[in-house]
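> Pasting target_9.txt here (compact mmCIF, N, CA and C atoms):
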```txt
# COMPACT_ATOMS: atom_id res chain seq x y z
N MET H 943 5.06 -30.47 -2.20
CA MET H 943 5.57 -29.15 -2.43
C MET H 943 4.50 -28.09 -2.19
N ILE H 944 3.27 -28.36 -2.60
CA ILE H 944 2.18 -27.41 -2.39
C ILE H 944 1.95 -27.20 -0.90
N ALA H 945 2.01 -28.26 -0.13
CA ALA H 945 1.80 -28.15 1.32
C ALA H 945 2.87 -27.26 1.96
N ILE H 946 4.11 -27.38 1.51
CA ILE H 946 5.19 -26.55 2.05
C ILE H 946 4.95 -25.09 1.72
N ASN H 947 4.51 -24.80 0.48
CA ASN H 947 4.21 -23.42 0.10
C ASN H 947 3.08 -22.83 0.94
N ILE H 948 2.07 -23.64 1.20
CA ILE H 948 0.94 -23.16 2.02
C ILE H 948 1.41 -22.88 3.44
N ILE H 949 2.21 -23.77 4.00
CA ILE H 949 2.71 -23.58 5.36
C ILE H 949 3.58 -22.32 5.45
N ILE H 950 4.45 -22.14 4.48
CA ILE H 950 5.30 -20.94 4.46
C ILE H 950 4.44 -19.69 4.33
N SER H 951 3.44 -19.73 3.47
CA SER H 951 2.54 -18.58 3.29
C SER H 951 1.81 -18.26 4.58
N ILE H 952 1.33 -19.27 5.27
CA ILE H 952 0.62 -19.04 6.54
C ILE H 952 1.54 -18.43 7.57
N ILE H 953 2.75 -18.93 7.66
CA ILE H 953 3.72 -18.38 8.61
C ILE H 953 4.01 -16.91 8.29
N VAL H 954 4.20 -16.60 7.02
CA VAL H 954 4.48 -15.22 6.61
C VAL H 954 3.27 -14.32 6.91
N ILE H 955 2.08 -14.80 6.60
CA ILE H 955 0.87 -14.01 6.85
C ILE H 955 0.70 -13.73 8.33
N VAL H 956 0.86 -14.74 9.17
CA VAL H 956 0.73 -14.53 10.62
C VAL H 956 1.80 -13.57 11.12
N ALA H 957 3.02 -13.74 10.64
CA ALA H 957 4.11 -12.84 11.06
C ALA H 957 3.82 -11.40 10.63
N LEU H 958 3.33 -11.21 9.41
CA LEU H 958 3.01 -9.85 8.95
C LEU H 958 1.86 -9.25 9.74
N GLN H 959 0.87 -10.06 10.06
CA GLN H 959 -0.26 -9.57 10.87
C GLN H 959 0.24 -9.10 12.23
N LEU H 960 1.05 -9.92 12.87
CA LEU H 960 1.58 -9.54 14.18
C LEU H 960 2.49 -8.32 14.09
N PHE H 961 3.33 -8.29 13.06
CA PHE H 961 4.22 -7.15 12.85
C PHE H 961 3.40 -5.87 12.65
N GLY H 962 2.35 -5.98 11.86
CA GLY H 962 1.47 -4.83 11.63
C GLY H 962 0.85 -4.32 12.92
N MET H 963 0.41 -5.23 13.77
CA MET H 963 -0.21 -4.81 15.04
C MET H 963 0.82 -4.17 15.96
N VAL H 964 2.05 -4.67 15.96
CA VAL H 964 3.10 -4.08 16.77
C VAL H 964 3.40 -2.65 16.30
N ILE H 965 3.50 -2.48 14.99
CA ILE H 965 3.77 -1.14 14.45
C ILE H 965 2.62 -0.20 14.82
N PHE H 966 1.40 -0.64 14.67
CA PHE H 966 0.25 0.19 15.04
C PHE H 966 0.32 0.58 16.52
N SER H 967 0.71 -0.36 17.37
CA SER H 967 0.78 -0.03 18.80
C SER H 967 1.87 0.98 19.09
N TRP H 968 2.91 1.01 18.27
CA TRP H 968 3.98 2.00 18.45
C TRP H 968 3.54 3.39 18.03
N ILE H 969 2.70 3.48 16.98
CA ILE H 969 2.35 4.81 16.48
C ILE H 969 1.19 5.46 17.25
N THR H 970 0.43 4.67 17.97
CA THR H 970 -0.66 5.28 18.73
C THR H 970 -0.13 5.80 20.07
N PRO H 971 -0.64 6.94 20.52
CA PRO H 971 -0.10 7.56 21.72
C PRO H 971 -0.57 6.93 23.03
N TYR H 972 -1.21 5.80 22.96
CA TYR H 972 -1.64 5.09 24.16
C TYR H 972 -1.24 3.64 24.03
N LYS H 973 -1.24 2.93 25.13
CA LYS H 973 -0.86 1.51 25.14
C LYS H 973 -2.12 0.67 24.91
N ASP H 974 -2.19 0.04 23.73
CA ASP H 974 -3.37 -0.74 23.37
C ASP H 974 -3.74 -1.77 24.44
N MET H 975 -2.78 -2.59 24.81
CA MET H 975 -3.07 -3.68 25.74
C MET H 975 -3.46 -3.19 27.12
N GLU H 976 -2.86 -2.10 27.58
CA GLU H 976 -3.24 -1.55 28.88
C GLU H 976 -4.69 -1.07 28.85
N GLU H 977 -5.06 -0.40 27.77
CA GLU H 977 -6.43 0.10 27.65
C GLU H 977 -7.42 -1.06 27.54
N LEU H 978 -7.04 -2.11 26.84
CA LEU H 978 -7.91 -3.27 26.73
C LEU H 978 -8.09 -3.96 28.09
N LYS H 979 -7.00 -4.05 28.87
CA LYS H 979 -7.09 -4.65 30.20
C LYS H 979 -8.03 -3.88 31.10
N LYS H 980 -8.11 -2.55 30.90
CA LYS H 980 -9.01 -1.70 31.69
C LYS H 980 -10.46 -1.82 31.23
N GLY H 981 -10.67 -2.49 30.12
CA GLY H 981 -12.02 -2.63 29.60
C GLY H 981 -12.45 -1.44 28.75
N ASN H 982 -11.50 -0.72 28.19
CA ASN H 982 -11.79 0.46 27.38
C ASN H 982 -12.37 0.02 26.03
N VAL H 983 -13.67 0.17 25.89
CA VAL H 983 -14.37 -0.27 24.68
C VAL H 983 -13.91 0.51 23.46
N ALA H 984 -13.69 1.81 23.62
CA ALA H 984 -13.25 2.64 22.49
C ALA H 984 -11.91 2.14 21.95
N ALA H 985 -10.98 1.87 22.84
CA ALA H 985 -9.68 1.36 22.42
C ALA H 985 -9.83 -0.03 21.80
N GLY H 986 -10.74 -0.82 22.33
CA GLY H 986 -11.00 -2.15 21.78
C GLY H 986 -11.53 -2.07 20.36
N LEU H 987 -12.43 -1.15 20.11
CA LEU H 987 -12.96 -0.97 18.76
C LEU H 987 -11.86 -0.52 17.79
N ALA H 988 -11.05 0.44 18.22
CA ALA H 988 -9.96 0.92 17.37
C ALA H 988 -8.96 -0.20 17.10
N THR H 989 -8.63 -0.98 18.12
CA THR H 989 -7.68 -2.09 17.96
C THR H 989 -8.27 -3.16 17.05
N GLY H 990 -9.54 -3.46 17.23
CA GLY H 990 -10.20 -4.42 16.34
C GLY H 990 -10.21 -3.95 14.90
N GLY H 991 -10.43 -2.65 14.70
CA GLY H 991 -10.39 -2.08 13.36
C GLY H 991 -9.01 -2.20 12.74
N LYS H 992 -7.98 -1.99 13.56
CA LYS H 992 -6.61 -2.15 13.08
C LYS H 992 -6.37 -3.59 12.63
N PHE H 993 -6.81 -4.53 13.48
CA PHE H 993 -6.58 -5.95 13.19
C PHE H 993 -7.32 -6.37 11.92
N LEU H 994 -8.60 -6.01 11.83
CA LEU H 994 -9.39 -6.41 10.67
C LEU H 994 -8.89 -5.75 9.40
N SER H 995 -8.56 -4.47 9.46
CA SER H 995 -8.08 -3.79 8.26
C SER H 995 -6.74 -4.35 7.79
N THR H 996 -5.88 -4.69 8.72
CA THR H 996 -4.61 -5.32 8.37
C THR H 996 -4.87 -6.68 7.72
N ALA H 997 -5.80 -7.43 8.27
CA ALA H 997 -6.13 -8.75 7.72
C ALA H 997 -6.74 -8.64 6.32
N ILE H 998 -7.56 -7.62 6.10
CA ILE H 998 -8.16 -7.44 4.77
C ILE H 998 -7.07 -7.20 3.73
N ILE H 999 -6.17 -6.30 4.04
CA ILE H 999 -5.08 -6.01 3.10
C ILE H 999 -4.21 -7.25 2.89
N LEU H 1000 -3.90 -7.95 3.97
CA LEU H 1000 -3.10 -9.18 3.84
C LEU H 1000 -3.81 -10.22 2.99
N GLY H 1001 -5.09 -10.39 3.22
CA GLY H 1001 -5.86 -11.38 2.48
C GLY H 1001 -5.89 -11.09 0.99
N VAL H 1002 -6.13 -9.84 0.65
CA VAL H 1002 -6.16 -9.47 -0.77
C VAL H 1002 -4.77 -9.59 -1.38
N ALA H 1003 -3.75 -9.17 -0.65
CA ALA H 1003 -2.38 -9.29 -1.16
C ALA H 1003 -2.01 -10.75 -1.38
N ALA H 1004 -2.44 -11.63 -0.48
CA ALA H 1004 -2.15 -13.06 -0.63
C ALA H 1004 -2.94 -13.65 -1.79
N TYR H 1005 -4.19 -13.24 -1.93
CA TYR H 1005 -5.06 -13.79 -2.97
C TYR H 1005 -4.62 -13.39 -4.38
N THR H 1006 -4.12 -12.17 -4.52
CA THR H 1006 -3.81 -11.64 -5.86
C THR H 1006 -2.37 -11.84 -6.29
N ASN H 1007 -1.54 -12.38 -5.42
CA ASN H 1007 -0.13 -12.55 -5.77
C ASN H 1007 0.30 -13.99 -5.54
N THR H 1008 1.01 -14.54 -6.51
CA THR H 1008 1.50 -15.91 -6.36
C THR H 1008 2.86 -15.94 -5.68
N SER H 1009 3.53 -14.82 -5.63
CA SER H 1009 4.84 -14.74 -4.99
C SER H 1009 4.70 -14.18 -3.58
N ILE H 1010 5.36 -14.80 -2.63
CA ILE H 1010 5.34 -14.29 -1.26
C ILE H 1010 5.96 -12.90 -1.22
N TRP H 1011 6.99 -12.67 -2.02
CA TRP H 1011 7.66 -11.37 -2.03
C TRP H 1011 6.72 -10.27 -2.52
N HIS H 1012 5.95 -10.57 -3.57
CA HIS H 1012 4.98 -9.59 -4.07
C HIS H 1012 3.87 -9.37 -3.04
N MET H 1013 3.44 -10.43 -2.39
CA MET H 1013 2.43 -10.30 -1.35
C MET H 1013 2.95 -9.38 -0.24
N MET H 1014 4.19 -9.59 0.17
CA MET H 1014 4.77 -8.76 1.23
C MET H 1014 4.91 -7.31 0.78
N LEU H 1015 5.27 -7.11 -0.47
CA LEU H 1015 5.40 -5.76 -1.00
C LEU H 1015 4.06 -5.04 -1.00
N TRP H 1016 3.02 -5.71 -1.51
CA TRP H 1016 1.71 -5.09 -1.56
C TRP H 1016 1.14 -4.89 -0.15
N PHE H 1017 1.45 -5.80 0.74
CA PHE H 1017 1.02 -5.59 2.13
C PHE H 1017 1.68 -4.34 2.69
N ALA H 1018 2.98 -4.17 2.43
CA ALA H 1018 3.69 -3.00 2.93
C ALA H 1018 3.08 -1.71 2.38
N VAL H 1019 2.74 -1.70 1.10
CA VAL H 1019 2.11 -0.52 0.49
C VAL H 1019 0.76 -0.26 1.14
N GLY H 1020 -0.06 -1.30 1.24
CA GLY H 1020 -1.39 -1.15 1.86
C GLY H 1020 -1.30 -0.75 3.30
N TYR H 1021 -0.36 -1.32 4.02
CA TYR H 1021 -0.20 -1.01 5.43
C TYR H 1021 0.24 0.43 5.63
N ALA H 1022 1.15 0.89 4.78
CA ALA H 1022 1.58 2.30 4.85
C ALA H 1022 0.39 3.22 4.64
N CYS H 1023 -0.53 2.83 3.77
CA CYS H 1023 -1.74 3.63 3.56
C CYS H 1023 -2.63 3.64 4.80
N LEU H 1024 -2.69 2.54 5.52
CA LEU H 1024 -3.48 2.51 6.76
C LEU H 1024 -2.89 3.44 7.81
N VAL H 1025 -1.58 3.42 7.94
CA VAL H 1025 -0.91 4.31 8.89
C VAL H 1025 -1.15 5.76 8.47
N LEU H 1026 -1.05 6.03 7.19
CA LEU H 1026 -1.30 7.37 6.68
C LEU H 1026 -2.75 7.80 6.97
N ALA H 1027 -3.69 6.87 6.84
CA ALA H 1027 -5.09 7.18 7.13
C ALA H 1027 -5.26 7.61 8.59
N TYR H 1028 -4.55 6.95 9.50
CA TYR H 1028 -4.62 7.33 10.91
C TYR H 1028 -4.13 8.77 11.09
N TRP H 1029 -2.99 9.08 10.49
CA TRP H 1029 -2.42 10.42 10.64
C TRP H 1029 -3.30 11.49 9.98
N ILE H 1030 -3.87 11.16 8.83
CA ILE H 1030 -4.77 12.11 8.17
C ILE H 1030 -6.01 12.33 9.03
N PHE H 1031 -6.55 11.25 9.59
CA PHE H 1031 -7.72 11.36 10.46
C PHE H 1031 -7.39 12.26 11.65
N GLU H 1032 -6.20 12.11 12.18
CA GLU H 1032 -5.76 12.96 13.30
C GLU H 1032 -5.69 14.42 12.85
N LEU H 1033 -5.20 14.66 11.64
CA LEU H 1033 -5.07 16.03 11.13
C LEU H 1033 -6.42 16.70 10.85
N VAL H 1034 -7.38 15.94 10.36
CA VAL H 1034 -8.67 16.53 9.98
C VAL H 1034 -9.63 16.64 11.15
N THR H 1035 -9.18 16.26 12.32
CA THR H 1035 -9.99 16.43 13.54
C THR H 1035 -9.22 17.32 14.52
N PRO H 1036 -9.04 18.61 14.18
CA PRO H 1036 -8.20 19.48 15.01
C PRO H 1036 -8.82 19.83 16.36
N GLY H 1037 -10.10 19.58 16.54
CA GLY H 1037 -10.75 19.93 17.80
C GLY H 1037 -10.42 18.99 18.94
N PHE H 1038 -9.82 17.87 18.64
CA PHE H 1038 -9.47 16.90 19.68
C PHE H 1038 -8.36 15.98 19.18
N LYS H 1039 -7.72 15.33 20.12
CA LYS H 1039 -6.68 14.34 19.80
C LYS H 1039 -7.30 12.95 19.90
N ILE H 1040 -7.16 12.17 18.85
CA ILE H 1040 -7.79 10.85 18.81
C ILE H 1040 -7.30 9.96 19.94
N GLY H 1041 -5.99 9.92 20.13
CA GLY H 1041 -5.43 9.08 21.19
C GLY H 1041 -5.97 9.43 22.56
N GLU H 1042 -6.10 10.72 22.85
CA GLU H 1042 -6.64 11.15 24.15
C GLU H 1042 -8.10 10.74 24.29
N GLU H 1043 -8.86 10.91 23.22
CA GLU H 1043 -10.28 10.54 23.26
C GLU H 1043 -10.45 9.03 23.46
N LEU H 1044 -9.61 8.25 22.81
CA LEU H 1044 -9.68 6.80 22.99
C LEU H 1044 -9.28 6.42 24.41
N ARG H 1045 -8.27 7.07 24.93
CA ARG H 1045 -7.82 6.79 26.30
C ARG H 1045 -8.94 7.13 27.31
N LYS H 1046 -9.72 8.17 26.99
CA LYS H 1046 -10.85 8.55 27.86
C LYS H 1046 -12.04 7.61 27.70
N GLY H 1047 -11.98 6.75 26.69
CA GLY H 1047 -13.08 5.80 26.49
C GLY H 1047 -14.19 6.34 25.61
N ASN H 1048 -13.90 7.31 24.75
CA ASN H 1048 -14.90 7.88 23.85
C ASN H 1048 -15.25 6.85 22.78
N THR H 1049 -16.36 6.16 23.01
CA THR H 1049 -16.77 5.07 22.13
C THR H 1049 -17.08 5.56 20.72
N ALA H 1050 -17.64 6.74 20.60
CA ALA H 1050 -17.95 7.28 19.27
C ALA H 1050 -16.68 7.40 18.43
N ILE H 1051 -15.62 7.87 19.03
CA ILE H 1051 -14.34 7.99 18.31
C ILE H 1051 -13.80 6.60 17.98
N GLY H 1052 -13.93 5.66 18.92
CA GLY H 1052 -13.48 4.29 18.66
C GLY H 1052 -14.19 3.66 17.48
N ILE H 1053 -15.52 3.85 17.42
CA ILE H 1053 -16.30 3.30 16.31
C ILE H 1053 -15.89 3.96 14.99
N LEU H 1054 -15.80 5.29 15.02
CA LEU H 1054 -15.44 6.00 13.80
C LEU H 1054 -14.06 5.58 13.30
N LEU H 1055 -13.09 5.51 14.20
CA LEU H 1055 -11.74 5.12 13.80
C LEU H 1055 -11.72 3.68 13.28
N CYS H 1056 -12.47 2.81 13.91
CA CYS H 1056 -12.57 1.43 13.45
C CYS H 1056 -13.01 1.39 11.99
N PHE H 1057 -14.04 2.17 11.67
CA PHE H 1057 -14.55 2.17 10.30
C PHE H 1057 -13.66 2.94 9.34
N VAL H 1058 -12.91 3.91 9.83
CA VAL H 1058 -11.92 4.57 8.99
C VAL H 1058 -10.88 3.54 8.55
N TYR H 1059 -10.41 2.73 9.49
CA TYR H 1059 -9.44 1.69 9.15
C TYR H 1059 -10.03 0.69 8.16
N ILE H 1060 -11.21 0.18 8.46
CA ILE H 1060 -11.81 -0.85 7.61
C ILE H 1060 -12.12 -0.29 6.22
N GLY H 1061 -12.71 0.90 6.17
CA GLY H 1061 -13.01 1.51 4.88
C GLY H 1061 -11.76 1.74 4.05
N THR H 1062 -10.72 2.23 4.71
CA THR H 1062 -9.46 2.47 4.01
C THR H 1062 -8.89 1.15 3.48
N SER H 1063 -8.97 0.10 4.28
CA SER H 1063 -8.41 -1.18 3.83
C SER H 1063 -9.15 -1.72 2.62
N PHE H 1064 -10.48 -1.55 2.58
CA PHE H 1064 -11.24 -2.00 1.40
C PHE H 1064 -10.85 -1.17 0.18
N ALA H 1065 -10.74 0.13 0.35
CA ALA H 1065 -10.38 0.99 -0.77
C ALA H 1065 -8.98 0.68 -1.28
N ILE H 1066 -8.04 0.55 -0.37
CA ILE H 1066 -6.66 0.27 -0.75
C ILE H 1066 -6.55 -1.12 -1.37
N SER H 1067 -7.29 -2.08 -0.83
CA SER H 1067 -7.22 -3.45 -1.36
C SER H 1067 -7.66 -3.53 -2.81
N SER H 1068 -8.54 -2.62 -3.21
CA SER H 1068 -8.99 -2.65 -4.60
C SER H 1068 -7.87 -2.26 -5.57
N LEU H 1069 -6.81 -1.67 -5.06
CA LEU H 1069 -5.68 -1.25 -5.90
C LEU H 1069 -4.58 -2.30 -5.99
N ILE H 1070 -4.66 -3.31 -5.12
CA ILE H 1070 -3.62 -4.34 -5.09
C ILE H 1070 -3.77 -5.26 -6.29
N VAL H 1071 -2.66 -5.46 -6.99
CA VAL H 1071 -2.69 -6.33 -8.18
C VAL H 1071 -1.67 -7.44 -8.06
```
Please re-express this file's structure in structure tokens.

Amino acid sequence: MIAINIIISIIVIVALQLFGMVIFSWITPYKDMEELKKGNVAAGLATGGKFLSTAIILGVAAYTNTSIWHMMLWFAVGYACLVLAYWIFELVTPGFKIGEELRKGNTAIGILLCFVYIGTSFAISSLIV
């Protein structure tokens, strides 16, 4: 029975991670995979930050909850905060558009956005119970 629970948990975690990345690709004004194929380091850093921050929230949600439903709920809350962090970051940088800068390959913006995602995920994860 324990093995079945672990397998189901892994399947749910992988599905949520993939779902999270799909949602992130929809909200960004550029095509993640196209930019990665072009070798755009800035987009790669931002995408990596999205992946790692999503995984951090998922990991903490899985670790702190014995119910898959509660894990999914806390992931949804944490994930919504990550999306909100992207939009807030966009709002507080009125001198430029993040998506355009990433599309241009602005590595500084890619690094900063990567750490905005990761920092937000650590902060949000501390609230998951």
> H:Ile1010, H:Leu960, H:Val1058, H:Ile1066: which is nearest H:Ala1027, counting only N, CA and C atoms?
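Closest to H:Ala1027 of all the choices is H:Val1058.
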> Select from stretch 943-1002 of chain H every residue with an atom at most 8 Å from any atom of stretch 1019-1022 of chain H, then for each give the shortest pair of atoms and their distance in Å to one decimal, using only N, CA and C atoms, rows by chain and rising number, as JSON lines.

```
{"residue": "H:Gly962", "atom": "CA", "partner": "H:Tyr1021", "partner_atom": "CA", "distance": 7.5}
{"residue": "H:Ser995", "atom": "C", "partner": "H:Tyr1021", "partner_atom": "CA", "distance": 7.7}
{"residue": "H:Thr996", "atom": "CA", "partner": "H:Tyr1021", "partner_atom": "CA", "distance": 6.8}
{"residue": "H:Ile999", "atom": "CA", "partner": "H:Gly1020", "partner_atom": "CA", "distance": 6.2}
{"residue": "H:Leu1000", "atom": "N", "partner": "H:Tyr1021", "partner_atom": "N", "distance": 7.5}
```
> Would you mind telling me which residue in H:Leu987, H:Ala997, H:Gly1037, H:Glu1042 lies nearest to H:Leu1055 when using only C-alpha atoms?
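Smallest separation from H:Leu1055 among the options: H:Leu987.
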> Here is a test: counting only N, CA and C atoms, which residue of H:Met943, H:Ala1050, H:Ala957, H:Ile965 is nearest to H:Ala984?
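Using only N, CA and C atoms, the shortest distance to H:Ala984 belongs to H:Ala1050.
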> Work out how far atom CA of H:Gly991 is from atom CA of H:Ile953, in Å to one decimal.
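Straight-line distance from atom CA of H:Ile953 to atom CA of H:Gly991 works out to 22.1 Å.
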> Neighbours of H:Glu1043 within 12 Å (only C-alpha atoms; same-chain residues fewer than 3 positions away dropped), as a PyMOL selection string?
chain H and resi 970-972+977+982-985+988+1032+1035+1037-1040+1046-1055
> Any idea what's packed within 9 Å of H:Met1014, counting only C-alpha atoms, ignoring anything in its chain fewer than 3 positions away? Could you give it as a PyMOL selection string?
chain H and resi 954-955+958+1000+1003-1004+1009-1011+1017-1019
> In Å, with one decimal, what is the gap from atom N of H:Tyr1059 to atom N of H:His1012?
24.8 Å
> Taking every listed atom of stretch 1003-1014 of chain H and adding 8 Å to each side, what centre and edge lengths in Å (one decimal) does the axis-aligned box have, as AutoDock Vina command-line options?

```
--center_x 1.3 --center_y -11.6 --center_z -2.6 --size_x 28.7 --size_y 24.6 --size_z 23.7
```
> Would you mind reading off the distance between atom N of H:Ile952 and atom C of H:Lys992, one decimal, in Å?
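Answer for the atom N of H:Ile952 to atom C of H:Lys992 separation: 19.0 Å.
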> For the helix (DSSP H, G or I) assignment from backbone DSSP, which residues of chain H qualify? Please present them as a ChimeraX atom specification.
/H:944-969,974-979,983-1006,1010-1033,1040-1045,1049-1067
> In terms of the shortest atom-to-atom distance over only N, CA and C atoms, which of H:Ile946, H:Asn1007, H:Phe993, H:Asp974 is closest to H:Gln959?
H:Phe993
